[in-house]
2 protein chains.
Amino acid sequence: MQTQGGVRRPQRADARRNFDALIAAARDAFAEHGTTASLEEIARRAGVGIGTLYRNFPTRQDLFDAVYLGELDALCRAADDVAGLEPWDAVAAWLRRFVGYVATKRAIYEEINRDSEMVRGAREAMYAAFEPLLARAQESGAARRDVSTDDLLRLVSGLTAGGYVDEAQRERVLTVALDGVRAR
Amino acid sequence: MQTQGGVRRPQRADARRNFDALIAAARDAFAEHGTTASLEEIARRAGVGIGTLYRNFPTRQDLFDAVYLGELDALCRAADDVAGLEPWDAVAAWLRRFVGYVATKRAIYEEINRDSEMVRGAREAMYAAFEPLLARAQESGAARRDVSTDDLLRLVSGLTAGGYVDEAQRERVLTVALDGVRAR
DNA sequence: GCTAAAGTGGAGGCTTACCTCCGATAGAAG
DNA sequence: CTTCTATCGGAGGTAAGCCTCCACTTTAGC
């Protein structure tokens, strides 16, 4: 991939090193502090000057996109992986994958609702990936018909972003919610 | 009530006016910006100097408690109001009431997971209010037995805090989740 | 090696928030 | 009306984040 989030990866070796270090540091920082993580701290963690951060990512959003758009691709492709399962199982499996995507990323959750230009495209990609799975489950009678793709993704991302005592509880709560989606 | 959140309401007329104005302004600000709302903006909105804010509420937490503990009481007492309904209906009704409490309050949601000393008591009060309703619904066979009070309150508060296109969507999603809680 | 071009990094100016302190003010009591 | 005192409010010191700018450093290509 030549670009990530519309930001070109630089050519010179040292510049590429810094670019990658910044994305890695930003991933951690966004996960820990949400969208408002300090850019100066990100630069510090990456072992890079603040000027370098700004040259590569003129705005916070650019950095944010670079961090998440790559992983988003993988998530969308996962829809193909589960396409062979039974209709309902495919829905459940992909949603669990989606949880894995959102779980460690407070920032994603904060952003998923906003209408920030660039995230809109990302959301559309996810919706496009999940929509067919849901449609198939609904046609086969496995999933209730009165919910939309949008409903489900918001349901699951809201659930996921909450704080839980442990992983087992998150899993339990997710199971309850998925049972609610199942047709009776 | 003489105290709110452990903070004594002052005696002099002007002081009481300011105290109340601060709580009202803080309620708005916390709803809008979450726990990190600027204290100086709260003082400004209340038409009061920043010094007055600090005299009444030495810490952010004191202010936060004063804002929410009063409303919390009302929420807990609502458990009695619904106690006369059918077991399942009582659970659903109280949870909807709970949604009303959390929905406009990002700050509450942020705080509900943390173990901040003073919020712990608040959480226990809510749990105490809801627990009997859930237990009754489980005994009557209306609610599944593999979920706890804690599970449900986190499930619902997570759902509620998410962003939605409109109220109808929030309602739809909540319905799905509640259906998941119902015994088959 | 040498050099031009790409890339670096942090000092510094700006803004915003936190919190303290104390001279000025306004309510309560007589 | 006066006096006493609780209360006010914002100036100002401190800290942290944002972002720009440019003298310096490093790389790639010869």
# chains A, B, ... in the order shown; residues from 1 in each chain; ligands from 1
>>> select_by_dssp(residues="segment 73-150 of chain A", states="alpha helix (DSSP H)", output="VMD selection string")
chain A and resid 73 to 81 87 to 103 106 to 113 117 to 139 149 to 150
>>> closest_atom_pairs(of="segment 51-145 of chain B", to="segment 7-26 of chain C", cutoff="12 Å", atoms="only C-alpha atoms (C1' of nucleotides)", output="tab-separated table")
residue	atom	partner	partner_atom	distance
B:Gly51	CA	C:DT20	C1'	8.6
B:Thr52	CA	C:DC19	C1'	11.8
B:Leu53	CA	C:DC19	C1'	10.8
B:Tyr54	CA	C:DC19	C1'	8.2
B:Arg55	CA	C:DT20	C1'	10.9
B:Pro58	CA	C:DC19	C1'	9.6
B:Thr59	CA	C:DC19	C1'	10.1
B:Arg60	CA	C:DC18	C1'	10.9
>>> residues_around(residues="Gly158 of chain B", least_positions_apart="4", cutoff="6 Å", atoms="only C-alpha atoms (C1' of nucleotides)", output="list in words")
Gly158, Leu159 and Gly162 of chain A; Arg154 of chain B
>>> write_last_selection(atoms="N, CA and C atoms", output="PDB file, in the first residue's frame")
ATOM      1  N   GLY A 158     -21.407   0.246  20.657  1.00  0.00           N
ATOM      2  CA  GLY A 158     -21.741   0.812  21.963  1.00  0.00           C
ATOM      3  C   GLY A 158     -21.429  -0.167  23.073  1.00  0.00           C
ATOM      4  N   LEU A 159     -21.877  -1.378  22.895  1.00  0.00           N
ATOM      5  CA  LEU A 159     -21.612  -2.436  23.867  1.00  0.00           C
ATOM      6  C   LEU A 159     -20.143  -2.603  24.137  1.00  0.00           C
ATOM      7  N   GLY A 162     -18.073   0.046  26.216  1.00  0.00           N
ATOM      8  CA  GLY A 162     -18.295   0.175  27.642  1.00  0.00           C
ATOM      9  C   GLY A 162     -17.193  -0.509  28.434  1.00  0.00           C
TER      10      GLY A 162
ATOM     11  N   ARG B 154     -24.524  -2.486  32.637  1.00  0.00           N
ATOM     12  CA  ARG B 154     -23.457  -2.113  31.715  1.00  0.00           C
ATOM     13  C   ARG B 154     -23.932  -2.236  30.271  1.00  0.00           C
TER      14      ARG B 154
END
>>> interface_residues(of="chain B", to="chain D", cutoff="9 Å", atoms="only C-alpha atoms (C1' of nucleotides)", output="list in words")
Arg12, Asp14, Ala15, Val48, Gly49, Ile50, Gly51 and Thr52 of chain B
>>> interface_residues(of="chain A", to="chain B", cutoff="12 Å", atoms="only C-alpha atoms", output="tab-separated table (two decimals) with N, CA and C atoms, in the first residue's frame")
chain	number	residue	atom	x	y	z
A	36	THR	N	-8.46	12.54	21.91
A	36	THR	CA	-7.83	13.76	22.38
A	36	THR	C	-6.40	13.54	22.86
A	106	ARG	N	-10.77	3.03	21.96
A	106	ARG	CA	-11.74	4.04	22.37
A	106	ARG	C	-11.95	5.06	21.29
A	109	TYR	N	-14.37	4.28	18.53
A	109	TYR	CA	-15.74	4.37	18.99
A	109	TYR	C	-16.20	5.81	19.05
A	110	GLU	N	-15.34	6.68	19.55
A	110	GLU	CA	-15.71	8.10	19.60
A	110	GLU	C	-15.98	8.64	18.20
A	111	GLU	N	-15.21	8.13	17.26
A	111	GLU	CA	-15.25	8.70	15.92
A	111	GLU	C	-16.36	8.10	15.07
A	112	ILE	N	-16.79	6.90	15.45
A	112	ILE	CA	-17.67	6.14	14.56
A	112	ILE	C	-19.01	6.84	14.36
A	113	ASN	N	-19.35	7.71	15.27
A	113	ASN	CA	-20.63	8.39	15.16
A	113	ASN	C	-20.52	9.72	14.42
A	114	ARG	N	-19.46	10.41	14.68
A	114	ARG	CA	-19.24	11.70	14.03
A	114	ARG	C	-19.31	11.57	12.51
A	115	ASP	N	-19.54	12.69	11.88
A	115	ASP	CA	-19.61	12.68	10.43
A	115	ASP	C	-18.34	13.26	9.80
A	143	ALA	N	-32.23	-14.14	11.31
A	143	ALA	CA	-32.12	-12.86	12.02
A	143	ALA	C	-33.42	-12.09	11.88
A	144	ARG	N	-33.78	-11.36	12.92
A	144	ARG	CA	-35.01	-10.57	12.85
A	144	ARG	C	-34.86	-9.52	11.74
A	145	ARG	N	-36.01	-9.12	11.21
A	145	ARG	CA	-35.98	-8.27	10.02
A	145	ARG	C	-36.15	-6.79	10.34
A	146	ASP	N	-36.41	-6.48	11.59
A	146	ASP	CA	-36.68	-5.08	11.90
A	146	ASP	C	-35.43	-4.32	12.38
A	147	VAL	N	-34.27	-4.82	12.03
A	147	VAL	CA	-33.04	-4.07	12.35
A	147	VAL	C	-32.22	-3.87	11.08
A	148	SER	N	-31.50	-2.76	11.06
A	148	SER	CA	-30.68	-2.45	9.89
A	148	SER	C	-29.21	-2.69	10.21
A	149	THR	N	-28.40	-2.65	9.19
A	149	THR	CA	-26.96	-2.73	9.36
A	149	THR	C	-26.50	-1.66	10.35
A	150	ASP	N	-26.98	-0.47	10.13
A	150	ASP	CA	-26.60	0.64	11.00
A	150	ASP	C	-26.97	0.37	12.45
A	151	ASP	N	-28.17	-0.12	12.67
A	151	ASP	CA	-28.60	-0.44	14.04
A	151	ASP	C	-27.60	-1.39	14.70
A	152	LEU	N	-27.27	-2.44	13.98
A	152	LEU	CA	-26.44	-3.48	14.59
A	152	LEU	C	-25.03	-3.01	14.87
A	153	LEU	N	-24.47	-2.28	13.93
A	153	LEU	CA	-23.10	-1.83	14.17
A	153	LEU	C	-23.05	-0.85	15.34
A	154	ARG	N	-24.05	-0.03	15.45
A	154	ARG	CA	-24.06	0.89	16.60
A	154	ARG	C	-24.30	0.13	17.89
A	155	LEU	N	-25.20	-0.81	17.83
A	155	LEU	CA	-25.47	-1.64	19.01
A	155	LEU	C	-24.18	-2.28	19.50
A	156	VAL	N	-23.50	-2.94	18.59
A	156	VAL	CA	-22.32	-3.69	19.00
A	156	VAL	C	-21.17	-2.77	19.39
A	157	SER	N	-21.00	-1.65	18.69
A	157	SER	CA	-19.88	-0.79	19.06
A	157	SER	C	-20.15	-0.11	20.40
A	158	GLY	N	-21.41	0.25	20.66
A	158	GLY	CA	-21.74	0.81	21.96
A	158	GLY	C	-21.43	-0.17	23.07
A	159	LEU	N	-21.88	-1.38	22.90
A	159	LEU	CA	-21.61	-2.44	23.87
A	159	LEU	C	-20.14	-2.60	24.14
A	160	THR	N	-19.40	-2.64	23.07
A	160	THR	CA	-17.99	-2.96	23.16
A	160	THR	C	-17.21	-1.90	23.89
A	161	ALA	N	-17.60	-0.65	23.64
A	161	ALA	CA	-16.83	0.46	24.18
A	161	ALA	C	-17.00	0.61	25.68
A	162	GLY	N	-18.07	0.05	26.22
A	162	GLY	CA	-18.30	0.17	27.64
A	162	GLY	C	-17.19	-0.51	28.43
A	163	GLY	N	-17.08	-0.15	29.69
A	163	GLY	CA	-16.09	-0.80	30.53
A	163	GLY	C	-16.69	-2.06	31.15
A	164	TYR	N	-15.89	-3.10	31.25
A	164	TYR	CA	-16.40	-4.33	31.85
A	164	TYR	C	-15.43	-4.82	32.91
A	165	VAL	N	-15.97	-5.66	33.76
A	165	VAL	CA	-15.15	-6.21	34.83
A	165	VAL	C	-14.04	-7.08	34.23
A	166	ASP	N	-14.42	-7.88	33.26
A	166	ASP	CA	-13.43	-8.72	32.60
A	166	ASP	C	-13.93	-9.11	31.21
A	167	GLU	N	-13.09	-9.81	30.48
A	167	GLU	CA	-13.46	-10.21	29.13
A	167	GLU	C	-14.69	-11.10	29.12
A	168	ALA	N	-14.79	-11.95	30.15
A	168	ALA	CA	-15.92	-12.88	30.20
A	168	ALA	C	-17.24	-12.10	30.24
A	169	GLN	N	-17.23	-10.99	30.97
A	169	GLN	CA	-18.47	-10.22	31.04
A	169	GLN	C	-18.80	-9.59	29.69
A	170	ARG	N	-17.80	-9.07	29.03
A	170	ARG	CA	-18.05	-8.48	27.72
A	170	ARG	C	-18.66	-9.53	26.80
A	171	GLU	N	-18.09	-10.70	26.84
A	171	GLU	CA	-18.56	-11.80	26.02
A	171	GLU	C	-20.02	-12.15	26.36
A	172	ARG	N	-20.31	-12.19	27.65
A	172	ARG	CA	-21.65	-12.54	28.10
A	172	ARG	C	-22.65	-11.51	27.59
A	173	VAL	N	-22.30	-10.26	27.73
A	173	VAL	CA	-23.20	-9.18	27.32
A	173	VAL	C	-23.41	-9.22	25.80
A	174	LEU	N	-22.33	-9.48	25.09
A	174	LEU	CA	-22.44	-9.56	23.63
A	174	LEU	C	-23.37	-10.70	23.23
A	175	THR	N	-23.24	-11.81	23.92
A	175	THR	CA	-24.11	-12.95	23.64
A	175	THR	C	-25.57	-12.61	23.83
A	176	VAL	N	-25.86	-11.91	24.91
A	176	VAL	CA	-27.24	-11.50	25.17
A	176	VAL	C	-27.75	-10.65	24.01
A	177	ALA	N	-26.93	-9.68	23.61
A	177	ALA	CA	-27.35	-8.78	22.54
A	177	ALA	C	-27.58	-9.56	21.24
A	178	LEU	N	-26.67	-10.47	20.93
A	178	LEU	CA	-26.82	-11.24	19.70
A	178	LEU	C	-28.09	-12.10	19.75
A	179	ASP	N	-28.38	-12.63	20.91
A	179	ASP	CA	-29.62	-13.40	21.04
A	179	ASP	C	-30.82	-12.52	20.73
A	180	GLY	N	-30.72	-11.25	21.07
A	180	GLY	CA	-31.81	-10.35	20.78
A	180	GLY	C	-31.98	-10.13	19.28
A	181	VAL	N	-30.92	-10.30	18.55
A	181	VAL	CA	-30.96	-10.08	17.09
A	181	VAL	C	-31.52	-11.30	16.37
A	182	ARG	N	-31.40	-12.44	17.01
A	182	ARG	CA	-31.86	-13.67	16.39
A	182	ARG	C	-33.36	-13.70	16.27
A	183	ALA	N	-33.83	-14.26	15.21
A	183	ALA	CA	-35.28	-14.42	15.06
A	183	ALA	C	-35.76	-15.46	16.06
A	184	ARG	N	-36.97	-15.26	16.55
A	184	ARG	CA	-37.53	-16.21	17.52
A	184	ARG	C	-38.01	-17.45	16.81
>>> atom_distance(atom1="atom CA of Ala122 of chain B", atom2="atom CA of Ala29 of chain B")
20.7 Å
>>> atom_distance(atom1="atom CA of Ala24 of chain B", atom2="atom CA of Phe130 of chain B")
27.6 Å
>>> residues_around(residues="segment 66-80 of chain A", least_positions_apart="6", cutoff="8 Å", atoms="only C-alpha atoms (C1' of nucleotides)", output="list in words")
Gln4, Gly5, Gly6, Val7, Ile23, Ala24, Ala26, Arg27, Trp94, Arg97, Phe98, Tyr101, Ile108, Ala122, Ala125, Met126, Ala129, Phe130 and Leu133 of chain A
>>> write_last_selection(atoms="N, CA and C atoms", output="PDB file, in the first residue's frame")
ATOM      1  N   GLN A   4      -1.752   5.714   3.098  1.00  0.00           N
ATOM      2  CA  GLN A   4      -2.622   5.281   4.196  1.00  0.00           C
ATOM      3  C   GLN A   4      -3.402   6.493   4.612  1.00  0.00           C
ATOM      4  N   GLY A   5      -4.709   6.438   4.443  1.00  0.00           N
ATOM      5  CA  GLY A   5      -5.538   7.563   4.852  1.00  0.00           C
ATOM      6  C   GLY A   5      -5.223   8.819   4.064  1.00  0.00           C
ATOM      7  N   GLY A   6      -4.802   8.648   2.816  1.00  0.00           N
ATOM      8  CA  GLY A   6      -4.539   9.810   1.988  1.00  0.00           C
ATOM      9  C   GLY A   6      -3.182  10.437   2.261  1.00  0.00           C
ATOM     10  N   VAL A   7      -2.423   9.891   3.215  1.00  0.00           N
ATOM     11  CA  VAL A   7      -1.121  10.450   3.545  1.00  0.00           C
ATOM     12  C   VAL A   7      -0.038   9.577   2.903  1.00  0.00           C
ATOM     13  N   ILE A  23       2.963   6.201  13.582  1.00  0.00           N
ATOM     14  CA  ILE A  23       1.683   5.496  13.520  1.00  0.00           C
ATOM     15  C   ILE A  23       1.560   4.519  14.679  1.00  0.00           C
ATOM     16  N   ALA A  24       2.649   3.826  14.968  1.00  0.00           N
ATOM     17  CA  ALA A  24       2.609   2.867  16.084  1.00  0.00           C
ATOM     18  C   ALA A  24       2.338   3.600  17.398  1.00  0.00           C
ATOM     19  N   ALA A  26       0.950   6.472  17.805  1.00  0.00           N
ATOM     20  CA  ALA A  26      -0.390   7.056  17.786  1.00  0.00           C
ATOM     21  C   ALA A  26      -1.440   5.986  18.092  1.00  0.00           C
ATOM     22  N   ARG A  27      -1.219   4.791  17.578  1.00  0.00           N
ATOM     23  CA  ARG A  27      -2.169   3.706  17.835  1.00  0.00           C
ATOM     24  C   ARG A  27      -2.295   3.481  19.333  1.00  0.00           C
ATOM     25  N   TRP A  94     -18.690 -12.342  12.203  1.00  0.00           N
ATOM     26  CA  TRP A  94     -18.151 -11.055  11.763  1.00  0.00           C
ATOM     27  C   TRP A  94     -18.311  -9.999  12.842  1.00  0.00           C
ATOM     28  N   ARG A  97     -15.645 -10.306  15.233  1.00  0.00           N
ATOM     29  CA  ARG A  97     -14.429  -9.728  14.652  1.00  0.00           C
ATOM     30  C   ARG A  97     -14.454  -8.208  14.784  1.00  0.00           C
ATOM     31  N   PHE A  98     -15.608  -7.670  14.553  1.00  0.00           N
ATOM     32  CA  PHE A  98     -15.808  -6.223  14.668  1.00  0.00           C
ATOM     33  C   PHE A  98     -15.541  -5.759  16.101  1.00  0.00           C
ATOM     34  N   TYR A 101     -12.075  -5.339  16.701  1.00  0.00           N
ATOM     35  CA  TYR A 101     -11.558  -4.105  16.096  1.00  0.00           C
ATOM     36  C   TYR A 101     -11.801  -2.899  16.993  1.00  0.00           C
ATOM     37  N   ILE A 108     -11.770   4.932  18.028  1.00  0.00           N
ATOM     38  CA  ILE A 108     -12.639   4.496  16.943  1.00  0.00           C
ATOM     39  C   ILE A 108     -14.086   4.679  17.334  1.00  0.00           C
ATOM     40  N   ALA A 122     -14.879   5.235   5.536  1.00  0.00           N
ATOM     41  CA  ALA A 122     -14.560   4.036   6.293  1.00  0.00           C
ATOM     42  C   ALA A 122     -15.835   3.338   6.737  1.00  0.00           C
ATOM     43  N   ALA A 125     -17.491   1.516   4.005  1.00  0.00           N
ATOM     44  CA  ALA A 125     -16.814   0.261   3.687  1.00  0.00           C
ATOM     45  C   ALA A 125     -17.254  -0.845   4.640  1.00  0.00           C
ATOM     46  N   MET A 126     -17.320  -0.532   5.908  1.00  0.00           N
ATOM     47  CA  MET A 126     -17.751  -1.540   6.878  1.00  0.00           C
ATOM     48  C   MET A 126     -19.179  -1.965   6.621  1.00  0.00           C
ATOM     49  N   ALA A 129     -19.463  -4.224   3.809  1.00  0.00           N
ATOM     50  CA  ALA A 129     -18.972  -5.566   4.115  1.00  0.00           C
ATOM     51  C   ALA A 129     -20.010  -6.371   4.892  1.00  0.00           C
ATOM     52  N   PHE A 130     -20.677  -5.708   5.812  1.00  0.00           N
ATOM     53  CA  PHE A 130     -21.567  -6.430   6.716  1.00  0.00           C
ATOM     54  C   PHE A 130     -22.970  -6.614   6.156  1.00  0.00           C
ATOM     55  N   LEU A 133     -24.081  -9.936   4.683  1.00  0.00           N
ATOM     56  CA  LEU A 133     -24.171 -11.004   5.685  1.00  0.00           C
ATOM     57  C   LEU A 133     -25.502 -10.919   6.418  1.00  0.00           C
TER      58      LEU A 133
END
>>> atom_distance(atom1="atom CA of Leu95 of chain A", atom2="atom CA of Glu139 of chain A")
18.1 Å
>>> closest_residue(among="B:Ala25, B:Val82, B:Arg8, B:Ala37", to="chain C", atoms="only C-alpha atoms (C1' of nucleotides)")
B:Ala37
>>> select_by_dssp(residues="chain B", states="strand (DSSP E or B)", output="PyMOL selection string")
chain B and resi 3-4+7-8+143+182
>>> decode(residues="segment 114-141 of chain A", atoms="N, CA and C atoms", output="compact mmCIF listing (two decimals), in the first residue's frame")
# COMPACT_ATOMS: atom_id res chain seq x y z
N ARG A 114 -19.46 10.41 14.68
CA ARG A 114 -19.24 11.70 14.03
C ARG A 114 -19.31 11.57 12.51
N ASP A 115 -19.54 12.69 11.88
CA ASP A 115 -19.61 12.68 10.43
C ASP A 115 -18.34 13.26 9.80
N SER A 116 -17.21 13.05 10.45
CA SER A 116 -15.97 13.59 9.90
C SER A 116 -15.73 13.01 8.51
N GLU A 117 -15.59 13.89 7.57
CA GLU A 117 -15.38 13.58 6.15
C GLU A 117 -14.79 12.20 5.86
N MET A 118 -13.58 12.00 6.36
CA MET A 118 -12.82 10.84 5.95
C MET A 118 -13.31 9.55 6.59
N VAL A 119 -13.88 9.68 7.78
CA VAL A 119 -14.36 8.48 8.46
C VAL A 119 -15.63 7.99 7.78
N ARG A 120 -16.30 8.89 7.11
CA ARG A 120 -17.54 8.50 6.44
C ARG A 120 -17.26 7.36 5.45
N GLY A 121 -16.21 7.52 4.67
CA GLY A 121 -15.85 6.49 3.72
C GLY A 121 -15.58 5.16 4.41
N ALA A 122 -14.88 5.24 5.54
CA ALA A 122 -14.56 4.04 6.29
C ALA A 122 -15.84 3.34 6.74
N ARG A 123 -16.78 4.14 7.21
CA ARG A 123 -18.01 3.54 7.68
C ARG A 123 -18.74 2.86 6.53
N GLU A 124 -18.76 3.52 5.41
CA GLU A 124 -19.42 2.92 4.27
C GLU A 124 -18.80 1.58 3.90
N ALA A 125 -17.49 1.52 4.00
CA ALA A 125 -16.81 0.26 3.69
C ALA A 125 -17.25 -0.85 4.64
N MET A 126 -17.32 -0.53 5.91
CA MET A 126 -17.75 -1.54 6.88
C MET A 126 -19.18 -1.97 6.62
N TYR A 127 -20.02 -0.98 6.34
CA TYR A 127 -21.42 -1.28 6.10
C TYR A 127 -21.55 -2.18 4.87
N ALA A 128 -20.78 -1.83 3.85
CA ALA A 128 -20.84 -2.64 2.63
C ALA A 128 -20.41 -4.07 2.91
N ALA A 129 -19.46 -4.22 3.81
CA ALA A 129 -18.97 -5.57 4.12
C ALA A 129 -20.01 -6.37 4.89
N PHE A 130 -20.68 -5.71 5.81
CA PHE A 130 -21.57 -6.43 6.72
C PHE A 130 -22.97 -6.61 6.16
N GLU A 131 -23.40 -5.66 5.39
CA GLU A 131 -24.77 -5.64 4.87
C GLU A 131 -25.20 -6.98 4.25
N PRO A 132 -24.38 -7.53 3.33
CA PRO A 132 -24.79 -8.78 2.69
C PRO A 132 -24.94 -9.93 3.69
N LEU A 133 -24.08 -9.94 4.68
CA LEU A 133 -24.17 -11.00 5.69
C LEU A 133 -25.50 -10.92 6.42
N LEU A 134 -25.84 -9.70 6.81
CA LEU A 134 -27.09 -9.51 7.54
C LEU A 134 -28.28 -9.85 6.65
N ALA A 135 -28.24 -9.37 5.42
CA ALA A 135 -29.35 -9.61 4.50
C ALA A 135 -29.59 -11.12 4.33
N ARG A 136 -28.50 -11.84 4.19
CA ARG A 136 -28.61 -13.28 3.99
C ARG A 136 -29.26 -13.93 5.22
N ALA A 137 -28.81 -13.49 6.40
CA ALA A 137 -29.35 -14.07 7.63
C ALA A 137 -30.84 -13.74 7.78
N GLN A 138 -31.20 -12.55 7.33
CA GLN A 138 -32.61 -12.17 7.43
C GLN A 138 -33.45 -12.96 6.46
N GLU A 139 -32.95 -13.15 5.25
CA GLU A 139 -33.71 -13.90 4.25
C GLU A 139 -33.90 -15.36 4.67
N SER A 140 -32.87 -15.89 5.29
CA SER A 140 -32.94 -17.29 5.70
C SER A 140 -33.79 -17.45 6.96
N GLY A 141 -34.24 -16.33 7.52
CA GLY A 141 -35.08 -16.41 8.71
C GLY A 141 -34.31 -16.54 10.00
